Each structure stands twice: as C-alpha cells, then as structure tokens.
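Student: I am sharing protein23.pdb, which consists of PDB, C-alpha atoms and all ligand atoms:
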ATOM      1  CA  MET L   1       0.000   0.000   0.000
ATOM      2  CA  ARG L   2       2.773   2.438   0.937
ATOM      3  CA  GLY L   3       4.477   1.559  -2.293
ATOM      4  CA  ASP L   4       1.310   2.328  -4.281
ATOM      5  CA  GLU L   5       1.015   5.721  -2.573
ATOM      6  CA  ALA L   6       4.622   6.531  -3.290
ATOM      7  CA  GLU L   7       4.054   5.707  -6.946
ATOM      8  CA  ASN L   8       0.893   7.805  -7.217
ATOM      9  CA  PRO L   9       1.853  11.235  -8.634
ATOM     10  CA  GLY L  10      -1.273  12.848  -7.108
ATOM     11  CA  TRP L  11      -0.368  11.616  -3.640
ATOM     12  CA  ARG L  12       3.200  12.804  -4.039
ATOM     13  CA  LEU L  13       1.928  16.255  -4.992
ATOM     14  CA  VAL L  14      -0.377  16.401  -1.944
ATOM     15  CA  LYS L  15       2.496  15.392   0.339
ATOM     16  CA  ALA L  16       4.816  17.938  -1.245
ATOM     17  CA  LEU L  17       2.256  20.726  -0.920
ATOM     18  CA  ARG L  18       1.506  19.782   2.675
ATOM     19  CA  GLY L  19       5.228  19.900   3.482
ATOM     20  CA  LEU L  20       5.634  23.264   1.777
ATOM     21  CA  MET L  21       2.670  24.746   3.629
ATOM     22  CA  ALA L  22       3.923  23.508   7.002
ATOM     23  CA  ALA L  23       7.361  24.926   6.275
ATOM     24  CA  ALA L  24       5.846  28.256   5.224
ATOM     25  CA  VAL L  25       3.702  28.491   8.382
ATOM     26  CA  ASP L  26       6.668  27.601  10.583
ATOM     27  CA  ALA L  27       8.872  30.140   8.828
ATOM     28  CA  VAL L  28       6.392  32.962   9.381
ATOM     29  CA  TYR L  29       5.077  31.938  12.798
ATOM     30  CA  PRO L  30       7.561  29.620  14.460
ATOM     31  CA  PRO L  31       5.695  27.726  17.200
ATOM     32  CA  VAL L  32       8.694  27.995  19.522
ATOM     33  CA  CYS L  33       9.343  30.364  22.394
ATOM     34  CA  PRO L  34      11.403  33.293  21.058
ATOM     35  CA  GLY L  35      13.269  33.416  24.367
ATOM     36  CA  CYS L  36      14.581  29.870  24.756
ATOM     37  CA  GLY L  37      13.701  28.128  21.504
ATOM     38  CA  ARG L  38      11.539  25.511  23.219
ATOM     39  CA  MET L  39       8.047  24.768  21.996
ATOM     40  CA  ALA L  40       5.575  27.409  23.153
ATOM     41  CA  GLY L  41       1.875  26.885  23.776
ATOM     42  CA  GLN L  42       0.794  29.269  21.082
ATOM     43  CA  HIS L  43       2.219  30.926  18.011
ATOM     44  CA  ARG L  44       4.285  34.017  18.742
ATOM     45  CA  GLY L  45       3.835  33.276  22.446
ATOM     46  CA  VAL L  46       6.465  33.180  25.142
ATOM     47  CA  CYS L  47       6.791  30.038  27.289
ATOM     48  CA  PRO L  48       5.867  30.295  31.005
ATOM     49  CA  ALA L  49       9.509  29.953  32.150
ATOM     50  CA  CYS L  50      10.614  32.894  29.989
ATOM     51  CA  TRP L  51       7.481  34.887  30.832
ATOM     52  CA  ALA L  52       8.519  34.635  34.505
ATOM     53  CA  THR L  53      11.737  36.533  33.695
ATOM     54  CA  LEU L  54       9.840  39.423  32.062
ATOM     55  CA  ARG L  55       9.807  42.483  34.342
ATOM     56  CA  LEU L  56       7.050  44.603  32.830
ATOM     57  CA  ILE L  57       7.115  48.331  33.594
ATOM     58  CA  GLU L  58       3.677  49.263  34.857
ATOM     59  CA  ARG L  59       2.167  51.986  37.010
ATOM     60  CA  PRO L  60       2.951  53.460  39.435
ATOM     61  CA  TYR L  61       5.753  55.140  37.463
ATOM     62  CA  CYS L  62       7.119  58.645  36.825
ATOM     63  CA  GLU L  63       4.838  60.259  34.211
ATOM     64  CA  VAL L  64       7.843  61.781  32.420
ATOM     65  CA  LEU L  65      10.671  59.238  32.652
ATOM     66  CA  GLY L  66       8.499  56.151  33.127
ATOM     67  CA  VAL L  67      10.661  54.991  36.049
ATOM     68  CA  PRO L  68       8.714  52.514  38.198
ATOM     69  CA  PHE L  69       8.011  53.615  41.771
ATOM     70  CA  ALA L  70       8.130  51.158  44.647
ATOM     71  CA  HIS L  71       5.000  52.762  46.117
ATOM     72  CA  ASP L  72       2.020  54.501  44.586
ATOM     73  CA  LEU L  73       2.511  58.184  45.452
ATOM     74  CA  GLY L  74      -0.534  59.408  43.535
ATOM     75  CA  VAL L  75      -1.445  60.553  40.029
ATOM     76  CA  GLY L  76       1.044  62.660  38.042
ATOM     77  CA  ILE L  77       3.958  62.330  40.454
ATOM     78  CA  LEU L  78       7.386  62.869  38.865
ATOM     79  CA  SER L  79      10.673  61.241  39.817
ATOM     80  CA  ALA L  80      13.402  63.391  41.380
ATOM     81  CA  ASP L  81      15.482  62.843  38.238
ATOM     82  CA  ALA L  82      12.695  64.144  35.957
ATOM     83  CA  ILE L  83      12.425  67.304  38.079
ATOM     84  CA  ALA L  84      16.195  67.895  38.378
ATOM     85  CA  ASN L  85      17.019  66.991  34.758
ATOM     86  CA  PRO L  86      13.897  67.412  32.604
ATOM     87  CA  PRO L  87      14.418  65.499  29.349
ATOM     88  CA  VAL L  88      14.029  67.142  25.934
ATOM     89  CA  PHE L  89      11.253  64.665  25.050
ATOM     90  CA  GLU L  90       7.829  64.841  26.716
ATOM     91  CA  ARG L  91       7.779  61.300  28.071
ATOM     92  CA  LEU L  92       9.419  57.904  27.938
ATOM     93  CA  ARG L  93       7.580  54.590  27.944
ATOM     94  CA  SER L  94       9.079  51.093  27.762
ATOM     95  CA  VAL L  95       7.646  47.587  27.892
ATOM     96  CA  ALA L  96      10.117  45.935  30.267
ATOM     97  CA  ILE L  97      13.389  46.074  32.142
ATOM     98  CA  HIS L  98      16.291  45.095  29.851
ATOM     99  CA  ASP L  99      16.862  41.717  31.434
ATOM    100  CA  GLY L 100      15.862  38.074  30.991
ATOM    101  CA  ILE L 101      13.481  37.438  28.103
ATOM    102  CA  ALA L 102      13.330  41.166  27.225
ATOM    103  CA  ARG L 103      17.079  41.169  26.604
ATOM    104  CA  SER L 104      16.808  37.930  24.565
ATOM    105  CA  LEU L 105      14.069  39.404  22.394
ATOM    106  CA  VAL L 106      16.038  42.608  21.723
ATOM    107  CA  HIS L 107      19.132  40.563  20.956
ATOM    108  CA  GLY L 108      17.156  38.245  18.685
ATOM    109  CA  LEU L 109      15.741  41.156  16.747
ATOM    110  CA  LYS L 110      19.097  42.888  16.407
ATOM    111  CA  TYR L 111      21.467  40.073  15.602
ATOM    112  CA  ARG L 112      19.485  37.083  14.391
ATOM    113  CA  ASP L 113      17.294  38.721  11.755
ATOM    114  CA  ARG L 114      14.144  37.648  13.606
ATOM    115  CA  THR L 115      11.867  40.224  11.996
ATOM    116  CA  ASP L 116       8.871  38.080  13.022
ATOM    117  CA  LEU L 117       9.670  39.093  16.609
ATOM    118  CA  ALA L 118       9.047  42.735  15.697
ATOM    119  CA  ILE L 119       5.300  42.120  15.334
ATOM    120  CA  MET L 120       4.953  40.621  18.817
ATOM    121  CA  MET L 121       7.239  43.226  20.411
ATOM    122  CA  ALA L 122       5.392  46.070  18.650
ATOM    123  CA  ALA L 123       2.060  44.921  20.065
ATOM    124  CA  TRP L 124       3.521  45.051  23.575
ATOM    125  CA  MET L 125       4.973  48.508  22.848
ATOM    126  CA  VAL L 126       1.600  49.883  21.731
ATOM    127  CA  ARG L 127       0.172  48.715  25.066
ATOM    128  CA  ALA L 128       3.099  50.198  27.034
ATOM    129  CA  SER L 129       2.681  53.550  25.251
ATOM    130  CA  ASP L 130      -0.328  54.158  27.483
ATOM    131  CA  GLY L 131      -2.450  55.636  24.666
ATOM    132  CA  HIS L 132       0.292  57.814  23.192
ATOM    133  CA  VAL L 133       0.584  55.711  20.028
ATOM    134  CA  GLN L 134      -3.180  55.951  19.536
ATOM    135  CA  SER L 135      -3.113  59.743  19.989
ATOM    136  CA  CYS L 136       0.051  60.518  17.969
ATOM    137  CA  ASP L 137       0.263  61.875  14.417
ATOM    138  CA  ALA L 138       3.160  59.731  13.209
ATOM    139  CA  VAL L 139       5.677  57.042  14.179
ATOM    140  CA  VAL L 140       9.410  57.673  13.587
ATOM    141  CA  PRO L 141      12.296  55.189  14.106
ATOM    142  CA  VAL L 142      15.717  56.155  15.445
ATOM    143  CA  PRO L 143      17.699  55.795  12.228
ATOM    144  CA  LEU L 144      20.976  53.989  11.705
ATOM    145  CA  HIS L 145      23.692  55.589   9.640
ATOM    146  CA  ALA L 146      23.551  54.294   6.062
ATOM    147  CA  PHE L 147      26.937  52.596   6.461
ATOM    148  CA  ARG L 148      25.851  50.638   9.519
ATOM    149  CA  LEU L 149      22.493  49.822   7.952
ATOM    150  CA  TRP L 150      24.378  48.323   5.028
ATOM    151  CA  GLY L 151      26.519  46.240   7.397
ATOM    152  CA  ARG L 152      23.617  44.944   9.430
ATOM    153  CA  ARG L 153      21.093  44.784   6.558
ATOM    154  CA  PHE L 154      18.222  46.217   8.556
ATOM    155  CA  ASN L 155      17.429  48.647  11.350
ATOM    156  CA  GLN L 156      15.744  46.980  14.329
ATOM    157  CA  SER L 157      14.175  50.281  15.453
ATOM    158  CA  ALA L 158      12.660  50.666  11.998
ATOM    159  CA  GLU L 159      11.265  47.119  12.151
ATOM    160  CA  LEU L 160       9.571  47.935  15.463
ATOM    161  CA  ALA L 161       8.344  51.364  14.306
ATOM    162  CA  ARG L 162       6.922  49.970  11.056
ATOM    163  CA  ALA L 163       5.045  47.244  12.949
ATOM    164  CA  ILE L 164       3.727  49.787  15.506
ATOM    165  CA  ALA L 165       2.489  52.046  12.691
ATOM    166  CA  ARG L 166       0.821  49.114  10.951
ATOM    167  CA  LEU L 167      -0.876  47.904  14.149
ATOM    168  CA  SER L 168      -2.172  51.375  15.025
ATOM    169  CA  GLY L 169      -2.929  52.668  11.515
ATOM    170  CA  LYS L 170      -0.625  55.671  12.053
ATOM    171  CA  PRO L 171       1.663  57.147   9.378
ATOM    172  CA  TYR L 172       5.149  55.639   9.413
ATOM    173  CA  LEU L 173       7.841  58.226   8.637
ATOM    174  CA  ALA L 174      10.715  55.993   7.558
ATOM    175  CA  THR L 175      13.024  58.683   6.210
ATOM    176  CA  ALA L 176      11.972  61.960   7.908
ATOM    177  CA  LEU L 177      14.748  61.667  10.505
ATOM    178  CA  ILE L 178      18.242  60.794   9.274
ATOM    179  CA  ARG L 179      21.605  60.222  10.901
ATOM    180  CA  THR L 180      24.022  62.753   9.467
ATOM    181  CA  LYS L 181      27.123  61.647  11.347
ATOM    182  CA  ARG L 182      28.652  58.204  11.565
ATOM    183  CA  THR L 183      28.879  57.709  15.329
ATOM    184  CA  GLU L 184      30.763  55.206  17.449
ATOM    185  CA  ARG L 185      28.734  52.379  18.981
ATOM    186  CA  GLN L 186      27.300  53.584  22.298
ATOM    187  CA  VAL L 187      28.034  50.261  24.026
ATOM    188  CA  GLY L 188      30.929  50.658  26.438
ATOM    189  CA  LEU L 189      30.854  54.466  26.472
ATOM    190  CA  GLY L 190      30.136  56.464  29.635
ATOM    191  CA  VAL L 191      27.252  58.932  30.001
ATOM    192  CA  GLN L 192      29.218  62.020  28.864
ATOM    193  CA  ALA L 193      30.954  60.143  26.032
ATOM    194  CA  ARG L 194      27.551  58.920  24.796
ATOM    195  CA  GLU L 195      26.216  62.478  24.720
ATOM    196  CA  ASP L 196      29.301  63.767  22.895
ATOM    197  CA  ASN L 197      29.121  60.858  20.454
ATOM    198  CA  VAL L 198      25.567  61.535  19.245
ATOM    199  CA  ARG L 199      25.496  65.346  19.552
ATOM    200  CA  GLY L 200      24.271  66.799  16.260
ATOM    201  CA  ALA L 201      24.116  63.318  14.735
ATOM    202  CA  PHE L 202      20.487  63.625  13.564
ATOM    203  CA  ALA L 203      18.591  65.900  11.206
ATOM    204  CA  VAL L 204      15.097  66.094   9.760
ATOM    205  CA  THR L 205      15.060  66.095   5.950
ATOM    206  CA  GLY L 206      13.375  68.851   3.937
ATOM    207  CA  ALA L 207      10.450  66.579   3.132
ATOM    208  CA  GLY L 208      10.408  65.339   6.730
ATOM    209  CA  LYS L 209       9.940  68.888   8.084
ATOM    210  CA  ALA L 210       6.479  69.157   6.551
ATOM    211  CA  ALA L 211       5.549  65.799   8.108
ATOM    212  CA  VAL L 212       6.706  66.579  11.672
ATOM    213  CA  PHE L 213       6.001  70.328  12.028
ATOM    214  CA  GLY L 214       3.361  70.893  14.715
ATOM    215  CA  LYS L 215       2.870  67.125  15.137
ATOM    216  CA  CYS L 216       2.836  64.667  18.031
ATOM    217  CA  ILE L 217       5.527  62.094  17.274
ATOM    218  CA  VAL L 218       6.250  58.649  18.735
ATOM    219  CA  LEU L 219      10.008  58.080  18.456
ATOM    220  CA  VAL L 220      10.861  54.367  18.504
ATOM    221  CA  ASP L 221      14.069  52.644  19.629
ATOM    222  CA  ASP L 222      14.747  49.114  20.857
ATOM    223  CA  VAL L 223      16.526  49.884  24.156
ATOM    224  CA  TYR L 224      16.778  52.971  26.367
ATOM    225  CA  THR L 225      20.102  53.132  28.177
ATOM    226  CA  THR L 226      21.283  56.641  29.100
ATOM    227  CA  GLY L 227      18.875  58.356  26.725
ATOM    228  CA  ALA L 228      21.637  60.185  24.836
ATOM    229  CA  THR L 229      20.573  58.832  21.435
ATOM    230  CA  VAL L 230      16.848  59.526  21.756
ATOM    231  CA  ALA L 231      17.583  62.965  23.268
ATOM    232  CA  ALA L 232      19.727  63.896  20.240
ATOM    233  CA  ALA L 233      17.054  62.528  17.883
ATOM    234  CA  THR L 234      14.320  64.433  19.764
ATOM    235  CA  ARG L 235      16.333  67.686  19.491
ATOM    236  CA  ALA L 236      16.364  67.290  15.700
ATOM    237  CA  LEU L 237      12.589  66.631  15.663
ATOM    238  CA  LYS L 238      11.920  69.651  17.915
ATOM    239  CA  LYS L 239      14.173  71.857  15.771
ATOM    240  CA  ALA L 240      11.962  70.868  12.818
ATOM    241  CA  GLY L 241       8.890  71.980  14.779
ATOM    242  CA  ALA L 242       7.614  68.748  16.355
ATOM    243  CA  LEU L 243       5.138  69.670  19.086
ATOM    244  CA  ASP L 244       5.327  66.627  21.347
ATOM    245  CA  VAL L 245       7.688  63.624  21.381
ATOM    246  CA  THR L 246       6.966  60.342  23.157
ATOM    247  CA  VAL L 247      10.001  58.064  23.262
ATOM    248  CA  LEU L 248       8.867  54.442  23.097
ATOM    249  CA  THR L 249      11.358  51.609  23.581
ATOM    250  CA  PHE L 250      10.909  47.908  24.074
ATOM    251  CA  ALA L 251      13.447  47.547  26.885
ATOM    252  CA  ARG L 252      15.011  49.840  29.389
ATOM    253  CA  ALA L 253      18.308  49.457  31.221
ATOM    254  CA  MET L 254      17.639  50.230  34.876
ATOM    255  CA  SER L 255      20.927  49.644  36.703
ATOM    256  CA  GLY L 256      20.451  50.843  40.239
ATOM    257  CA  LEU L 257      17.281  52.777  39.533
ATOM    258  CA  ILE L 258      14.849  50.443  41.271
TER     259      ILE L 258
HETATM  260 ZN    ZN F 301      10.998  30.254  26.654
END
Write the structure described by the file as structure tokens, please.

Tutor:
Amino acid sequence: MRGDEAENPGWRLVKALRGLMAAAVDAVYPPVCPGCGRMAGQHRGVCPACWATLRLIERPYCEVLGVPFAHDLGVGILSADAIANPPVFERLRSVAIHDGIARSLVHGLKYRDRTDLAIMMAAWMVRASDGHVQSCDAVVPVPLHAFRLWGRRFNQSAELARAIARLSGKPYLATALIRTKRTERQVGLGVQAREDNVRGAFAVTGAGKAAVFGKCIVLVDDVYTTGATVAAATRALKKAGALDVTVLTFARAMSGLI
C-alpha cells in the first residue's frame, strides 16, 4: 500500500504541498518560544519559564521618565530625576526592564534577523505607550547611519516602528529623521561620552519637516540606556517643529534605579 502511494503522482503532490505549507507556516510563525527556543503553547507566544523573567514596567511610574516607583505616590507624580534633569522629550515609555526574556528578544531582533519578533514586540509597545501611540500623528524610528544599515542589513528600530504604525494605523515616517554623522557604537561608552558621540548626529530632511512640524511624534528605539541617542534625535525633531515627542522603547536598562 505504501508503495502504491509513493508511486501515485497525485499523492506525491499532496504530500509535497503539505510539506511546503507547514514549512511556510513555521517560517512565518515559528511555534517555539522566542526566548529559549523551546516549543511554546501558542504561536508568537512566550513560554511560562521565559514569561517569569519578564519584568514589565507598569504603574505606578514617573509620568515623564516612566521609572517605576516602589510605592504609589498618587497621580502625576514625577521622579526626582525628571524634576532635576527634565528630558528634551515629553515622556518615555518602555515595555520591560532590559533583562531576561526582554534582553533575549532585543538581541534576537538585532542580531538574528528575527523580523517576526518585531510584530509581537510592537504589540507590547503599543500597550506600554499608554495611549500615546493611539493619539500621535506619526511614528518615527531612530535611524541607523547608512553605512551601519548596510553592514547589518536592517534597522531593528525601523522594524519595530513599522510594525507599531501598521498595528495602530498611524503614518510611518521611515526617512523623515536621518543620521548625518557616523557615530561610534554607544556600548561601552560612559554617560558624557555617549552624549558627545551623538550630539548633532540627527537631522530632519526637507520633506520630513512638513511631516513633523506641529505634530505629536512617537520616536521608537529598541533599548533605552542613558537616553543620549533619543535625546539627540528628539532635538532634531523639535528643531523641525515637532510639538510633542513620546520616546517608546521595548526595553530599558535600569541599573540601580529600582
Ligand atoms: Zn521560553
């Protein structure tokens, strides 16, 4: 019987098509946990063990810097840091502390070409934006310099921003903000060196000015560390007339803050 099936061209075609379809589904929606690679209960889901390592940033937090508070001090309370050093952007929101599964997801998106992760991460970012994606006029990624983009093939912030725009139906401004200076990698640099490195590194293009002038912008990056990069990018957006900038990142480095 098996032999007959193997000889039947129709059966072979069905088997081949079935195999192709399964491969296609797995390629688009791998049924494995993006954190550890083990089988997950549902497509694009995270397994319970990895979920346990996710430290979501939720209220109570500083309304400006999004820093979690240990105790609920009331509505609209700002952190001491936000009062002493008000940022150039209006507010910062992030999904989770840059640790555990959050770090794995960021790493996966950046270095393993897992663009499928961007869709799941973007959905979490829309939720973490606390309504600011829904109320914005446009979504803008922190751009990479063209040289680095060429080396890495794609910009992880752009992948996240594009997915956020698609999920929310907001305009995606892929090229409004550009990096005009080839900067050193921020990793390993101190706070002051990071600021010096990215100072004046961004500009809004002529066409971009019309798109951001007087608008509420959501500026997307994968990780917030010292904030030097998003501050420099926000300065360029504000110089072009942006009214309000919400910085939205997936993860946030929080060494010693909580
Ligand atoms: Zn897992």

Student: Of the candidates L:His132, L:Lys215, L:Arg91, L:Lys181, which shows the shortest atom-to-atom distance to Ala231 in chain L, using all atoms listed in the file?

Tutor: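 With all atoms listed in the file as the atom set, the closest residue is L:Arg91.
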
Student: Please identify every polymer residue within 9 Å of ligand ZN 301 (chain F), using all atoms listed in the file, and present the set as number ranges by chain.

Tutor: L: 32-40, 45-51, 101

Student: Could you pull the residues within 10 Å of Gln186 in chain L, counting only C-alpha atoms, minus those fewer than 3 positions along the same chain, as a list of chain:residue names?

Tutor: L:Thr183, L:Leu189, L:Gly190, L:Val191, L:Ala193, L:Arg194, L:Glu195, L:Asn197, L:Val198, L:Thr225, L:Thr226, L:Ala228, L:Thr229

Student: Got a sec: who's within 10 Å of Lys238 in chain L, counting all atoms listed in the file, leaving out chain neighbours fewer than 5 positions off, as a PyMOL selection string?

Tutor: chain L and resi 88-89+204+212-215+217+232-233+243-245

Student: Let me see the file: selected residues, C-alpha atoms, as a PDB file, in the coordinates of the input.

Tutor:
ATOM      1  CA  VAL L  88      14.029  67.142  25.934  1.00  0.00           C
ATOM      2  CA  PHE L  89      11.253  64.665  25.050  1.00  0.00           C
ATOM      3  CA  VAL L 204      15.097  66.094   9.760  1.00  0.00           C
ATOM      4  CA  VAL L 212       6.706  66.579  11.672  1.00  0.00           C
ATOM      5  CA  PHE L 213       6.001  70.328  12.028  1.00  0.00           C
ATOM      6  CA  GLY L 214       3.361  70.893  14.715  1.00  0.00           C
ATOM      7  CA  LYS L 215       2.870  67.125  15.137  1.00  0.00           C
ATOM      8  CA  ILE L 217       5.527  62.094  17.274  1.00  0.00           C
ATOM      9  CA  ALA L 232      19.727  63.896  20.240  1.00  0.00           C
ATOM     10  CA  ALA L 233      17.054  62.528  17.883  1.00  0.00           C
ATOM     11  CA  LEU L 243       5.138  69.670  19.086  1.00  0.00           C
ATOM     12  CA  ASP L 244       5.327  66.627  21.347  1.00  0.00           C
ATOM     13  CA  VAL L 245       7.688  63.624  21.381  1.00  0.00           C
TER      14      VAL L 245
END

Student: Take every atom of range 124-133 of chain L listed in the file, pad by 3 Å on each side, and give me the axis-aligned box centre and edge lengths in Å, one decimal, as JSON.

Tutor:
{"center_x": 1.3, "center_y": 51.4, "center_z": 23.8, "size_x": 13.4, "size_y": 18.8, "size_z": 13.5}

Student: For the provided coordinates, the residues matched by the PyMOL selection byres (((chain L and resi 67) around 10) and not hetatm) should be stated as a short mmCIF file (atom, residue, chain, number, x, y, z; two decimals) with C-alpha atoms, in the coordinates of the input.

Tutor:
data_model
loop_
_atom_site.label_atom_id
_atom_site.label_comp_id
_atom_site.auth_asym_id
_atom_site.auth_seq_id
_atom_site.Cartn_x
_atom_site.Cartn_y
_atom_site.Cartn_z
CA ILE L 57 7.12 48.33 33.59
CA GLU L 58 3.68 49.26 34.86
CA ARG L 59 2.17 51.99 37.01
CA PRO L 60 2.95 53.46 39.44
CA TYR L 61 5.75 55.14 37.46
CA CYS L 62 7.12 58.64 36.83
CA GLU L 63 4.84 60.26 34.21
CA VAL L 64 7.84 61.78 32.42
CA LEU L 65 10.67 59.24 32.65
CA GLY L 66 8.50 56.15 33.13
CA PRO L 68 8.71 52.51 38.20
CA PHE L 69 8.01 53.62 41.77
CA ALA L 70 8.13 51.16 44.65
CA LEU L 78 7.39 62.87 38.86
CA SER L 79 10.67 61.24 39.82
CA ASP L 81 15.48 62.84 38.24
CA ALA L 82 12.70 64.14 35.96
CA LEU L 92 9.42 57.90 27.94
CA ARG L 93 7.58 54.59 27.94
CA SER L 94 9.08 51.09 27.76
CA ARG L 252 15.01 49.84 29.39
CA MET L 254 17.64 50.23 34.88
CA LEU L 257 17.28 52.78 39.53
CA ILE L 258 14.85 50.44 41.27
#

Student: For a test of reading the model, state the distance in Å between CA of Val139 in chain L and CA of Leu248 in chain L, rounded to one decimal.

Tutor: 9.8 Å

Student: For a quick check of understanding, using all atoms listed in the file, which of L:Leu56, L:Cys216, L:Asn155, L:Thr205 has the smallest distance to Pro171 in chain L?

Tutor: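 Ranked by minimum distance to Pro171 in chain L, first place goes to L:Cys216.
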
Student: Reconstruct N, CA and C atoms of range 159-180 of chain L from the incomplete input and present them as a PDB file, keeping the file's coordinate frame.

Tutor:
ATOM      1  N   GLU L 159      12.165  48.283  12.171  1.00  0.00           N
ATOM      2  CA  GLU L 159      11.265  47.119  12.151  1.00  0.00           C
ATOM      3  C   GLU L 159      10.162  47.279  13.186  1.00  0.00           C
ATOM      4  N   LEU L 160      10.552  47.735  14.390  1.00  0.00           N
ATOM      5  CA  LEU L 160       9.571  47.935  15.463  1.00  0.00           C
ATOM      6  C   LEU L 160       8.621  49.074  15.107  1.00  0.00           C
ATOM      7  N   ALA L 161       9.169  50.192  14.620  1.00  0.00           N
ATOM      8  CA  ALA L 161       8.344  51.364  14.306  1.00  0.00           C
ATOM      9  C   ALA L 161       7.350  51.052  13.188  1.00  0.00           C
ATOM     10  N   ARG L 162       7.810  50.311  12.171  1.00  0.00           N
ATOM     11  CA  ARG L 162       6.922  49.970  11.056  1.00  0.00           C
ATOM     12  C   ARG L 162       5.768  49.095  11.549  1.00  0.00           C
ATOM     13  N   ALA L 163       6.086  48.137  12.421  1.00  0.00           N
ATOM     14  CA  ALA L 163       5.045  47.244  12.949  1.00  0.00           C
ATOM     15  C   ALA L 163       4.073  48.020  13.846  1.00  0.00           C
ATOM     16  N   ILE L 164       4.589  48.965  14.632  1.00  0.00           N
ATOM     17  CA  ILE L 164       3.727  49.787  15.506  1.00  0.00           C
ATOM     18  C   ILE L 164       2.779  50.624  14.652  1.00  0.00           C
ATOM     19  N   ALA L 165       3.315  51.215  13.580  1.00  0.00           N
ATOM     20  CA  ALA L 165       2.489  52.046  12.691  1.00  0.00           C
ATOM     21  C   ALA L 165       1.403  51.195  12.031  1.00  0.00           C
ATOM     22  N   ARG L 166       1.792  49.991  11.622  1.00  0.00           N
ATOM     23  CA  ARG L 166       0.821  49.114  10.951  1.00  0.00           C
ATOM     24  C   ARG L 166      -0.285  48.695  11.919  1.00  0.00           C
ATOM     25  N   LEU L 167       0.104  48.346  13.148  1.00  0.00           N
ATOM     26  CA  LEU L 167      -0.876  47.904  14.149  1.00  0.00           C
ATOM     27  C   LEU L 167      -1.852  49.019  14.513  1.00  0.00           C
ATOM     28  N   SER L 168      -1.351  50.255  14.540  1.00  0.00           N
ATOM     29  CA  SER L 168      -2.172  51.375  15.025  1.00  0.00           C
ATOM     30  C   SER L 168      -2.795  52.186  13.892  1.00  0.00           C
ATOM     31  N   GLY L 169      -2.400  51.913  12.654  1.00  0.00           N
ATOM     32  CA  GLY L 169      -2.929  52.668  11.515  1.00  0.00           C
ATOM     33  C   GLY L 169      -2.376  54.084  11.422  1.00  0.00           C
ATOM     34  N   LYS L 170      -1.237  54.329  12.087  1.00  0.00           N
ATOM     35  CA  LYS L 170      -0.625  55.671  12.053  1.00  0.00           C
ATOM     36  C   LYS L 170       0.407  55.767  10.931  1.00  0.00           C
ATOM     37  N   PRO L 171       0.640  56.991  10.416  1.00  0.00           N
ATOM     38  CA  PRO L 171       1.663  57.147   9.378  1.00  0.00           C
ATOM     39  C   PRO L 171       3.040  56.750   9.908  1.00  0.00           C
ATOM     40  N   TYR L 172       3.796  56.055   9.065  1.00  0.00           N
ATOM     41  CA  TYR L 172       5.149  55.639   9.413  1.00  0.00           C
ATOM     42  C   TYR L 172       6.116  56.506   8.612  1.00  0.00           C
ATOM     43  N   LEU L 173       6.889  57.330   9.308  1.00  0.00           N
ATOM     44  CA  LEU L 173       7.841  58.226   8.637  1.00  0.00           C
ATOM     45  C   LEU L 173       9.223  57.575   8.642  1.00  0.00           C
ATOM     46  N   ALA L 174       9.485  56.798   7.603  1.00  0.00           N
ATOM     47  CA  ALA L 174      10.715  55.993   7.558  1.00  0.00           C
ATOM     48  C   ALA L 174      11.959  56.838   7.354  1.00  0.00           C
ATOM     49  N   THR L 175      11.822  57.938   6.618  1.00  0.00           N
ATOM     50  CA  THR L 175      13.024  58.683   6.210  1.00  0.00           C
ATOM     51  C   THR L 175      13.004  60.153   6.627  1.00  0.00           C
ATOM     52  N   ALA L 176      12.052  60.552   7.492  1.00  0.00           N
ATOM     53  CA  ALA L 176      11.972  61.960   7.908  1.00  0.00           C
ATOM     54  C   ALA L 176      13.195  62.345   8.735  1.00  0.00           C
ATOM     55  N   LEU L 177      13.603  61.427   9.618  1.00  0.00           N
ATOM     56  CA  LEU L 177      14.748  61.667  10.505  1.00  0.00           C
ATOM     57  C   LEU L 177      15.921  60.851   9.981  1.00  0.00           C
ATOM     58  N   ILE L 178      17.071  61.523   9.776  1.00  0.00           N
ATOM     59  CA  ILE L 178      18.242  60.794   9.274  1.00  0.00           C
ATOM     60  C   ILE L 178      19.434  61.014  10.200  1.00  0.00           C
ATOM     61  N   ARG L 179      20.378  60.093  10.124  1.00  0.00           N
ATOM     62  CA  ARG L 179      21.605  60.222  10.901  1.00  0.00           C
ATOM     63  C   ARG L 179      22.635  60.838   9.973  1.00  0.00           C
ATOM     64  N   THR L 180      23.127  62.013  10.363  1.00  0.00           N
ATOM     65  CA  THR L 180      24.022  62.753   9.467  1.00  0.00           C
ATOM     66  C   THR L 180      25.490  62.508   9.780  1.00  0.00           C
TER      67      THR L 180
END
